[in-house]
Every structure is written in structure tokens, then in C-alpha cells.
Amino acid sequence: MLSTLRDITQAVAGAKDLDAALELLVKQIKLAMATECCSIYVLDEHELVLSATDGLKPESVGQVRMPLSEGLVGLVAEREEAINLPDARQHPRFKLFPEAAEEEYRAFLAVPIIYQKQLLGVIVVQQASSRQFNEGEEAFLMTLAAQLAMAVRGLKQKSVVQHRRQQVLFSGTPASNGIAIANALVLGGDISLEQPEQRSADVALEMERIVQAIARCRNNLANLAQRFDREQDQEVVAIFSALQLLLEDSSLGGEYLREVEDGWQAEAAVSRVSLRYIKQFQMMEDAYLKERASDIRELGTKVLRQLIEPGQLGLDSDRPVILVTKEADTTLLAEFPKGKLVGIVTELGGVNSHAAILARAMGIPALTGVQQVLSANLHRKLLVLNATRGSLMVSPSPAVISEFRLLMNAEKALQRQYVHELHLPAETLDGQRVKLYLNAGLLSGLESEIADGSDGIGLYRTEIPFMLQQRFPSESEQITVYKQVFNAASGRPVTMRSLDVGGDKPLPYFPIKEENPFLGWRGIRLSLDHPELFLVQIRAMLQANGAGDQLSVLLPMVSNLEEIDHALEYFEQAYQELKADVDPNLSRPRVGIMLEVPVLLFQLEEVAKRVDFISVGSNDLTQYLLAVDRNNPRVTSLFDSYHPGVLRSLKSAHEQCVAYGLESSVCGEMAGEPAGALLLAAMGYRHLSMNQGSLARINYLLRRVSLEELKSLLDVALTKRSGQDVRELLREYLAQKDLAAILN
């Protein structure tokens with residue numbers, strides 16, 4: 001049963017389009033269930049349309065249509081549950097469609113196809129004899145429908161994009177506000193094994209391409225095998241090793257080369273060889289050999305990806321693109337050619353994933369959780385990304401493009417208005433000064449960003465230079481980078497966070513695979529387990545600062561007092577060694593911790609005896625308080641920094657810091673949001689650190705509000721039931737002050 005389910009699901013997922021998938025599906029289900037008729041109805045707007053059948057009249061496909069209020073199929077869709085009848089004609093909702101010639105069938109079993117609460121269609125099986133389908137048959141069909149839902153939805157969207165002349169709309173979760181208009185650059189999308197059979201005009205060039213693609217593929221497989229070997233998962237290692245063997249000259253790799261030598265383009269060569277061998281293996285009687293067809297398909301797809309995708313980043317280098325990918329990698333975003341990337345769309349990742357944070361830092365509109373967007377064949381299609389409203393338009397009309405260009409111009413005009421006051425201090429109407437700092441990680445453009453009105457750098461993410469290397473940077477290399485940061489800050493304070501990597505932010509040369517990276521080996525935990533790396537970084541920071549007073553050091557992901565004590569011991573060791581051996585005038589910087597792990601909310605008195613300050617990481621603190629993975633789009637709606645419980649925790653943290661004489665700031669994303677900045681200022685926070693794109697907006701806003709009003713507003717917010725209620729309260733307040741546009 002499991003192998004049948006797998007074979008059907010894989011076959012449908014590999015189909016070239018929706019029609020082919022549905023035709024294949026009805027045949028496979030009919031055969032697997034030994035029934036006389038199988039049909040699939042697909043929901044089109046508010047009607048169910050017969051889209052494929054094996055048993056009814058073929059010409060009725062596309063012709064039989066019914067609203068959800070009619071027929072047994074409509075009843076299945078209405079109820080969103082299976083219906084199993086020994087004789088369908090006896091049911092009051094039975095409706096006969098003569099054009100389909102279904103008069104002979106009596107036994108009826110139908111199940112809905114549902115993907116994340118969205119009805120996609122209905123699968124129906126029928127037999128002439130009157131009988132009840134048994135529990136096993138019903139369970140099989142329901143399981144199959146659940147497994148197929150994602151593939152069907154993806155193929156349906158792909159069909160809509162390819163065949164509709166009107167614009168197609170996708171929706172997602174805004175991760176970085178803004179609007180972008182550009183062609184799509186798809187990386188990591190579906191690659192069909194069926195490539196055009198094109199002859200080569202340059203055999204030598206194609207040979208070089210295929211050899212390089214095989215080499216890259218072999219290296220990737222070797223790295224994967226090595227990683228799983230370290231984790232002692234020998235079964236997975238065996239799979240990658242088998243694929244590596246298939247790449248040898250004596251196996252499929254040699255076949256690819258010979259096909260290119262015969263004059264075929266590299267993509268065509270891989271496609272021809274793969275499809276030929278898949279067909280041969282699928283015809284074999286032996287079950288084990290028959291399953292090897294999937295290995296050939298997987299390997300062919302991997303090699304094709306190495307042929308097709310590496311060249312895409314450099315295409316039309318002078319034209320901007322919107323990147324469409326499964327999950328944006330921070331290294332990829334950081335290395336993107338300057339000015340080429342104007343928008344990001346991902347299937348995975350939450351609004352507070354690290355790629356989303358980097359997108360905001362770069363001022364690039366980003367949309368996450370756009371499901372099945374990779375299967376829609378968007379490459380090179382014109383897109384309008386409205387990340388502020390959470391929408392992505394494919395092939396928009398000229399009128400829509402014109403409208404969005406007007407919106408972009410209006411947003412630029414507002415930004416110019418905000419920037420005009422950026423040189424003025426962020427001081428409320430009743431004279432309360434709030435210092436605004438910059439969150440930074442990339443060196444490019446840092447000097448101009450610092451010059452644009454910040455009070456310094458409140459969070460320098462040292463992990464980003466680590467991510468851009470192919471190995472751990474040396475002490476001297478780190479000193480060079482950190483000196484550049486201090487120089488860019490022009491004497492203003494700089495808070496450097498020690499290396500904050502782990503399963504959620506892996507280094508390319510130090511992969512970490514964990515079931516739950518947010519609860520795993522990351523931040524200070526990793527640094528304390530590798531003191532040789534930690535000491536090098538501390539020494540580099542201290543030497544870059546020298547006798548100056550700019551540096552503060554921030555320790556991430558601290559969860560207990562022992563971690564603080566151990567980190568301070570290493571800090572003292574590095575300081576004393578450098579003072580004795582390198583620079584007797586070396587300054588001792590302040591040391592603080594990130595407040596991210598909720599348990600420390602109850603130990604701030606003890607924390608205050610050890611460190612000089614805390615910086616609240618609102619992103620992680622929120623996800624740990626709410627038990628929500630901020631990278632998981634399925635639970636994105638539950639991640640809410642404005643949840644009244646989170647707000648009470650933030651207020652309590654500040655009050656305790658005041659009582660214990662501990663300086664406090666906020667460096668999470670909440671500090672750079674207009675509503676968040678107002679609430680944090682009302683709580684008493686006077687140091688807020690944010691991305692460069694938020695500085696002017698927050699400065700402009702704080703200069704137009706009264707702290708006394710904000711305190712009253714906070715008192716009301718803390719009594720609200722949900723984060724949405726809090727947002728609505730802030731929206732009404734800003735509307736009364738004619739500042740509602742600042743939320744866009």
C-alpha cells in the first residue's frame with residue numbers, strides 16, 4: 001500500500017502540467033483500487049469542473065460543471081469530508097449528468113482534496129454493482145488525496161500562470177515593506193527532466209559545461225555524504241554514495257558525456273540519457289531494479305540544476321530582478337550584485353528569519369510564505385511585488401504597472417520628507433530624548449548609513465563577515481573588518497555581538513544539522529564549546545578598539561548565569577594577555593548580554609551583578625515566549641511581538657533594569673517598527689537599534705508624539721486581548737494625529 005501511494009504521488013509530482021497529472025492520476029487510482037471508474041473534479045472559482053476521468057465519457061471533461069450546492073460531488077466539497085454510498089441513486093443529493101454517461105454506476109466513494117484549509121477538488125471512484133467500499137479503500141483514497149494536495153495545488157497555479165492572459169495574484173506574509181517591479185529570477189525551482197532536444201553549435205563548449213556540472217554535483221553529493229556520515233546516518237550516506245557512483249564515467253556520467261560528443265546540447269544530453277534509462281528500469285519485473293528509476297530521475301535533476309541555475313545570476317546583469325526561491329540564504333543575498341536585487345519572494349521562512357532581517361537591512365521588499373510559487377514557472381516573467389500588502393502579481397497589465405509606479409513615487413516622496421529631519425535629534429514633544437542606533441552587518445555603504453543620523457551602531461552582527469568567507473577568518477582579518485566599522489562610526493559607540501551562528505544561521509564551512517536549531521547549538525553555546533574561536537574574536541575586537549572607548553561587546557543566546565561567568569573568564573583572559581603583550585593602554589570595553597531566553601527575565605538581579613547592560617532581542621524573545629518558530633510560514637500568524645503577554649514581559653524587563661541599575665536597549669525588529677518604537681518608548685526604553693531604512697521614519701515619528709500620551713496608550717494596550725487589537729489601537733492613535741501613512 002505504501003509503495004503504491006509513493007509511486008502515484010511521485011508520478012503526479014513529476015508530471016509536466018496539471019492535465020497530464022490528472023489523467024495519470026485517474027488511471028493509477030482506478031488500477032490501484034480495482035474499480036471501474038475514477039474521476040477528478042477541480043474547483044474553478046465557485047464551480048466543480050470534471051477535469052479528468054477513466055470510466056466516464058472522455059468528451060465530458062471540461063463540460064460537466066456544477067456549483068457546490070448541487071450533486072453528491074458538491075456535497076463532498078461543501079462538507080469537506082468523504083462520502084461512501086453503496087447506491088448513490090438513493091441519496092437525495094444525487095444528480096445525473098447524462099453527458100457523462102454515468103447511469104451504470106451505483107457504488108460511490110468520493111473524498112475532498114484540501115491543501116491548508118483550501119478546497120482544491122474532489123476525487124470520485126465508482127462501480128456498477130451496488131456495494132459499500134470498505135474502510136481500507138476509503139482510508140487509501142483519503143491518504144492519497146492528502147498526499148497529492150500540495151502537488152495538485154502547485155500544478156494548478158502553474159497552469160493558471162501559463163494559460164491566463166490576465167494577471168495572476170499570489171499572497172504571502174510581508175517581511176520587508178516596499179514595492180518592486182521587475183522580472184523574476186527563479187533559483188531552486190522545479191526543473192523538468194524533459195528538456196528540449198537541441199543540437200549543439202559548439203561541442204567543446206557543451207563538453208566543458210557538462211564536465212563542470214558533473215564535478216559540482218559530485219562535490220555536493222560528497223559534502224552531503226560527509227555530513228550524514230558525521231551524524232552516523234549510514235542509510236542516508238548509502239543513498240548519496242550510490243548517486244556518486246552513477247556519476248562515474250563507467251555509468252550515467254559517461255553516458256552524458258557520450259551524448260554531448262554526439263552533438264547534443266548538455267541539457268538535452270542529460271534529459272535523453274535519463275529518460276531512456278528510466279523507461280528501461282520501469283519495465284523491469286524485479287521490484288528493487290524498478291525502483292532504481294527514481295535514482296536516475298533524482299541524479300538527472302541534480303545535474304540539470306547545475307547546468308541551468310549557475311548561469312542565471314549573471315544574466316542581464318544591468319537589469320534588476322526579483323529573486324524567487326524556496327528559502328533565501330543570507331550569503332546569497334549578501335553576495336548579490338549591487339543594484340540588481342530589488343525584491344525577494346520565498347516559499348519558506350518567516351518574517352523574522354535571518355534572510356528577512358537582512359532584506360530589511362538592505363531596504364529590499366520581501367515576501368515570505370508564498371506557497372507553491374516555485375512550481376508556477378515564473379522565471380523571467382514580469383512581477384509586481386507589493387510586500388507592504390503581502391501580494392505578488394504575475395504578468396500585470398500596463399494599467400496596474402502604472403498605478404504601482406505612482407505608489408512607489410509617493411513612498412519615495414514620504415521617505416524624502418522623513419530624511420529631511422534626520423539630522424535633528426529624536427526628541428518627543430515633551431522633551432524626552434530617545435537615542436536611535438543602527439543594526440548593521442554588511443560593510444558596504446556603512447559609512448553613509450552611519451552619517452545619516454544614527455547615534456552609533458547598536459548591533460553589529462559579526463557573523464555576516466564569517467558567512468562571506470570560505471573558512472573561519474583569522475585574527476588579523478577580523479581586526480581589519482572591525483577597524484573599518486569603528487572608522488565608519490566616526491567616534492560614536494559600537495556594540496559588537498559575538499559570533500551568533502548555529503543551525504538557523506549555518507556557516508558554509510561549518511554545517512550544523514539539528515531537528516530544532518532555535519533550541520539548539522547556537523550563539524554563546526557554540527562559542528563556549530569552541531574557546532579557540534571565541535578567544536580569537538574577543539582579541540580581534542579589543543585590538544581593533546585599542547585605547548578607544550567606542551566598543552561594547554554583546555553576548556547572544558545566553559540562557560544561564562554560568563554562561564555569563566564562563567564568557568567573562570575568557571574575556572578577562574584575552575584582555576590581560578593583550579594588555580601584557582600588545583598594548584598596555586588597551587581599553588576595557590563594556591560587556592552585555594542579549595535578553596532572548598525568557599528564563600533570564602526572572603534572574604535580572606543576578607545578571608546586573610555581572611554585566612554592564614542588556615539588549616533585548618525581541619525576535620527570539622517573542623518566539624520563545626509564544627513557542628512559535630519564526631521561520632515556519634505555517635505558524636507565522638501566531639508570531640506576534642505585540643501580543644499583550646510579550647509587551648508585559650518587555651515592560652517588566654525595563655522596570656527591573658531600572659531597579660537594578662542595569663542599562664537596557666532593544667535591538668530586535670520591533671524597535672524599527674513605528675508601533676513598536678512608540679510602545680517601547682512608553683515603557684521607558686531610551687536606546688533603540690534598527691535597520692538603516694527605519695531610522696528616518698522613527699525619528700520623524702518620535703518628534704511628533706508626547707511621552708505622556710504614549711504612557712496612557714501603553715496602559716490601554718496592556719489590557720487588550722490580542723496583538724491585532726494592540727495594532728488597531730496604535731493605528732487609531734496615529735490616524736488621529738494625521739500620521740497613519742507612516743505605518744505603510
# chains A, B, ... in the order shown; residues from 1 in each chain; ligands from 1

$ residues_around --residues "range 182-188 of chain A" --least-positions-apart "2" --cutoff "9 Å" --atoms "only C-alpha atoms" --output "VMD selection string"
chain A and resid 180 190 to 191 305 309 312 to 313 319 to 327 342 to 343 374 377 to 385

$ residues_around --residues "range 531-540 of chain A" --least-positions-apart "2" --cutoff "7 Å" --atoms "only C-alpha atoms" --output "list in words"
Glu475, Gln478, Ile479, Ser527, Leu528, Asp529, Leu542, Gln543, Ala544, Tyr570, Phe571 and Ala574 of chain A

$ write_last_selection --atoms "N, CA and C atoms" --output "PDB file, in the first residue's frame"
ATOM      1  N   GLU A 475      42.581  36.146  13.009  1.00  0.00           N
ATOM      2  CA  GLU A 475      42.547  37.268  13.945  1.00  0.00           C
ATOM      3  C   GLU A 475      42.838  38.582  13.225  1.00  0.00           C
ATOM      4  N   GLN A 478      39.888  39.660  11.059  1.00  0.00           N
ATOM      5  CA  GLN A 478      38.801  40.222  11.864  1.00  0.00           C
ATOM      6  C   GLN A 478      39.159  41.624  12.357  1.00  0.00           C
ATOM      7  N   ILE A 479      40.412  41.832  12.760  1.00  0.00           N
ATOM      8  CA  ILE A 479      40.829  43.167  13.210  1.00  0.00           C
ATOM      9  C   ILE A 479      40.593  44.195  12.102  1.00  0.00           C
ATOM     10  N   SER A 527      30.116  29.282  21.042  1.00  0.00           N
ATOM     11  CA  SER A 527      31.374  29.975  21.336  1.00  0.00           C
ATOM     12  C   SER A 527      32.074  29.368  22.545  1.00  0.00           C
ATOM     13  N   LEU A 528      31.308  29.036  23.583  1.00  0.00           N
ATOM     14  CA  LEU A 528      31.919  28.457  24.780  1.00  0.00           C
ATOM     15  C   LEU A 528      32.418  27.041  24.537  1.00  0.00           C
ATOM     16  N   ASP A 529      31.804  26.327  23.604  1.00  0.00           N
ATOM     17  CA  ASP A 529      32.276  24.988  23.249  1.00  0.00           C
ATOM     18  C   ASP A 529      33.508  25.043  22.356  1.00  0.00           C
ATOM     19  N   LEU A 542      39.079  43.662  20.753  1.00  0.00           N
ATOM     20  CA  LEU A 542      39.836  44.504  21.675  1.00  0.00           C
ATOM     21  C   LEU A 542      40.952  45.258  20.961  1.00  0.00           C
ATOM     22  N   GLN A 543      41.662  44.582  20.072  1.00  0.00           N
ATOM     23  CA  GLN A 543      42.768  45.232  19.364  1.00  0.00           C
ATOM     24  C   GLN A 543      42.266  46.281  18.380  1.00  0.00           C
ATOM     25  N   ALA A 544      41.123  46.006  17.731  1.00  0.00           N
ATOM     26  CA  ALA A 544      40.559  46.990  16.800  1.00  0.00           C
ATOM     27  C   ALA A 544      40.144  48.258  17.539  1.00  0.00           C
ATOM     28  N   TYR A 570      36.852  34.104  29.839  1.00  0.00           N
ATOM     29  CA  TYR A 570      37.596  34.163  28.575  1.00  0.00           C
ATOM     30  C   TYR A 570      37.885  35.608  28.188  1.00  0.00           C
ATOM     31  N   PHE A 571      36.916  36.480  28.431  1.00  0.00           N
ATOM     32  CA  PHE A 571      37.088  37.895  28.112  1.00  0.00           C
ATOM     33  C   PHE A 571      38.262  38.470  28.919  1.00  0.00           C
ATOM     34  N   ALA A 574      41.673  37.135  27.580  1.00  0.00           N
ATOM     35  CA  ALA A 574      42.115  37.810  26.359  1.00  0.00           C
ATOM     36  C   ALA A 574      42.588  39.229  26.664  1.00  0.00           C
TER      37      ALA A 574
END

$ residues_around --residues "Tyr115 in chain A" --least-positions-apart "2" --cutoff "7 Å" --atoms "only C-alpha atoms" --output "PyMOL selection string"
chain A and resi 113+117-119+149-150

$ residues_around --residues "range 727-737 of chain A" --least-positions-apart "5" --cutoff "10 Å" --atoms "only C-alpha atoms" --output "NGL selection string"
:A and (642-643 or 674-676 or 678-679 or 701 or 704-705 or 709-710 or 713-714 or 716-717 or 720 or 722 or 742-743)

$ residues_around --residues "Ala101 in chain A" --least-positions-apart "6" --cutoff "12 Å" --atoms "only C-alpha atoms" --output "MDAnalysis selection string"
chainID A and resid 37 53:61 64

$ write_last_selection --atoms "N, CA and C atoms" --output "CSV table (one decimal), in the first residue's frame"
chain,number,residue,atom,x,y,z
A,37,CYS,N,-14.4,3.0,-12.4
A,37,CYS,CA,-14.4,4.4,-12.8
A,37,CYS,C,-13.7,5.3,-11.8
A,53,THR,N,-11.1,11.8,-16.3
A,53,THR,CA,-11.9,10.7,-15.9
A,53,THR,C,-11.3,9.4,-16.7
A,54,ASP,N,-11.5,8.3,-16.0
A,54,ASP,CA,-11.3,7.0,-16.7
A,54,ASP,C,-12.5,6.2,-16.3
A,55,GLY,N,-13.5,6.2,-17.2
A,55,GLY,CA,-14.7,5.5,-17.0
A,55,GLY,C,-15.9,6.2,-17.4
A,56,LEU,N,-15.9,7.5,-17.4
A,56,LEU,CA,-17.0,8.4,-17.9
A,56,LEU,C,-16.6,8.7,-19.4
A,57,LYS,N,-17.5,9.4,-20.1
A,57,LYS,CA,-17.2,9.8,-21.5
A,57,LYS,C,-16.1,10.8,-21.5
A,58,PRO,N,-15.0,10.5,-22.3
A,58,PRO,CA,-13.9,11.5,-22.3
A,58,PRO,C,-14.3,12.9,-22.8
A,59,GLU,N,-15.3,13.0,-23.7
A,59,GLU,CA,-15.7,14.3,-24.2
A,59,GLU,C,-16.4,15.1,-23.1
A,60,SER,N,-16.8,14.5,-22.0
A,60,SER,CA,-17.5,15.3,-20.9
A,60,SER,C,-16.5,16.0,-20.1
A,61,VAL,N,-15.2,15.8,-20.2
A,61,VAL,CA,-14.2,16.5,-19.5
A,61,VAL,C,-14.2,18.0,-19.9
A,64,VAL,N,-18.8,19.0,-17.9
A,64,VAL,CA,-19.6,18.8,-16.7
A,64,VAL,C,-19.2,19.8,-15.6

$ residues_around --residues "Ala215 in chain A" --least-positions-apart "4" --cutoff "12 Å" --atoms "only C-alpha atoms" --output "PyMOL selection string"
chain A and resi 208-211+219-222+244+247-249+253+302-303+306-307

$ write_last_selection --atoms "N, CA and C atoms" --output "PDB file, in the first residue's frame"
ATOM      1  N   GLU A 208      32.588  21.183 -21.910  1.00  0.00           N
ATOM      2  CA  GLU A 208      33.095  21.861 -20.724  1.00  0.00           C
ATOM      3  C   GLU A 208      31.977  22.094 -19.712  1.00  0.00           C
ATOM      4  N   ARG A 209      30.792  22.465 -20.199  1.00  0.00           N
ATOM      5  CA  ARG A 209      29.652  22.709 -19.318  1.00  0.00           C
ATOM      6  C   ARG A 209      29.234  21.441 -18.589  1.00  0.00           C
ATOM      7  N   ILE A 210      29.142  20.316 -19.302  1.00  0.00           N
ATOM      8  CA  ILE A 210      28.681  19.080 -18.670  1.00  0.00           C
ATOM      9  C   ILE A 210      29.714  18.552 -17.684  1.00  0.00           C
ATOM     10  N   VAL A 211      31.002  18.697 -18.027  1.00  0.00           N
ATOM     11  CA  VAL A 211      32.063  18.239 -17.114  1.00  0.00           C
ATOM     12  C   VAL A 211      32.026  19.047 -15.813  1.00  0.00           C
ATOM     13  N   ASN A 219      30.721  17.089  -6.003  1.00  0.00           N
ATOM     14  CA  ASN A 219      31.167  17.751  -4.769  1.00  0.00           C
ATOM     15  C   ASN A 219      30.012  17.923  -3.783  1.00  0.00           C
ATOM     16  N   ASN A 220      28.848  18.315  -4.296  1.00  0.00           N
ATOM     17  CA  ASN A 220      27.680  18.479  -3.429  1.00  0.00           C
ATOM     18  C   ASN A 220      27.296  17.173  -2.757  1.00  0.00           C
ATOM     19  N   LEU A 221      27.294  16.091  -3.551  1.00  0.00           N
ATOM     20  CA  LEU A 221      26.934  14.779  -3.007  1.00  0.00           C
ATOM     21  C   LEU A 221      27.963  14.322  -1.978  1.00  0.00           C
ATOM     22  N   ALA A 222      29.228  14.598  -2.234  1.00  0.00           N
ATOM     23  CA  ALA A 222      30.288  14.208  -1.291  1.00  0.00           C
ATOM     24  C   ALA A 222      30.136  14.964   0.028  1.00  0.00           C
ATOM     25  N   GLN A 244      26.677   9.104  -6.288  1.00  0.00           N
ATOM     26  CA  GLN A 244      28.029   9.432  -6.730  1.00  0.00           C
ATOM     27  C   GLN A 244      28.553   8.387  -7.721  1.00  0.00           C
ATOM     28  N   LEU A 247      27.495   8.798 -11.214  1.00  0.00           N
ATOM     29  CA  LEU A 247      28.153   9.884 -11.955  1.00  0.00           C
ATOM     30  C   LEU A 247      29.469   9.458 -12.598  1.00  0.00           C
ATOM     31  N   GLU A 248      29.950   8.269 -12.269  1.00  0.00           N
ATOM     32  CA  GLU A 248      31.231   7.809 -12.811  1.00  0.00           C
ATOM     33  C   GLU A 248      31.163   7.642 -14.329  1.00  0.00           C
ATOM     34  N   ASP A 249      32.342   7.691 -14.970  1.00  0.00           N
ATOM     35  CA  ASP A 249      32.412   7.544 -16.435  1.00  0.00           C
ATOM     36  C   ASP A 249      31.878   6.198 -16.900  1.00  0.00           C
ATOM     37  N   GLY A 253      27.295   9.053 -15.836  1.00  0.00           N
ATOM     38  CA  GLY A 253      28.169  10.186 -16.153  1.00  0.00           C
ATOM     39  C   GLY A 253      28.815  10.035 -17.511  1.00  0.00           C
ATOM     40  N   LYS A 302      19.498  16.717 -10.511  1.00  0.00           N
ATOM     41  CA  LYS A 302      20.596  17.395  -9.834  1.00  0.00           C
ATOM     42  C   LYS A 302      21.611  17.949 -10.848  1.00  0.00           C
ATOM     43  N   VAL A 303      21.946  17.157 -11.858  1.00  0.00           N
ATOM     44  CA  VAL A 303      22.916  17.611 -12.859  1.00  0.00           C
ATOM     45  C   VAL A 303      22.320  18.742 -13.692  1.00  0.00           C
ATOM     46  N   GLN A 306      22.617  21.988 -11.917  1.00  0.00           N
ATOM     47  CA  GLN A 306      23.968  22.535 -12.002  1.00  0.00           C
ATOM     48  C   GLN A 306      24.242  23.150 -13.371  1.00  0.00           C
ATOM     49  N   LEU A 307      23.562  22.659 -14.395  1.00  0.00           N
ATOM     50  CA  LEU A 307      23.720  23.226 -15.733  1.00  0.00           C
ATOM     51  C   LEU A 307      22.930  24.526 -15.899  1.00  0.00           C
TER      52      LEU A 307
END

$ atom_distance --atom1 "CA of Leu625 in chain A" --atom2 "CA of Arg648 in chain A"
11.3 Å

$ residues_around --residues "Arg610 in chain A" --least-positions-apart "5" --cutoff "9 Å" --atoms "only C-alpha atoms" --output "PyMOL selection string"
chain A and resi 561+564-565+568+591-592

$ closest_residue --among "A:Ser176, A:Met362, A:Leu18, A:Met142" --to "Val345 in chain A" --atoms "only C-alpha atoms"
A:Ser176

$ atom_distance --atom1 "CA of Val270 in chain A" --atom2 "CA of Ile296 in chain A"
10.3 Å

$ closest_residue --among "A:Ala682, A:Leu275, A:Ile179, A:Ala128" --to "Ser712 in chain A" --atoms "only C-alpha atoms"
A:Ala682

$ closest_residue --among "A:Phe518, A:Phe486, A:Tyr418, A:Tyr460" --to "Leu555 in chain A" --atoms "only C-alpha atoms"
A:Tyr460
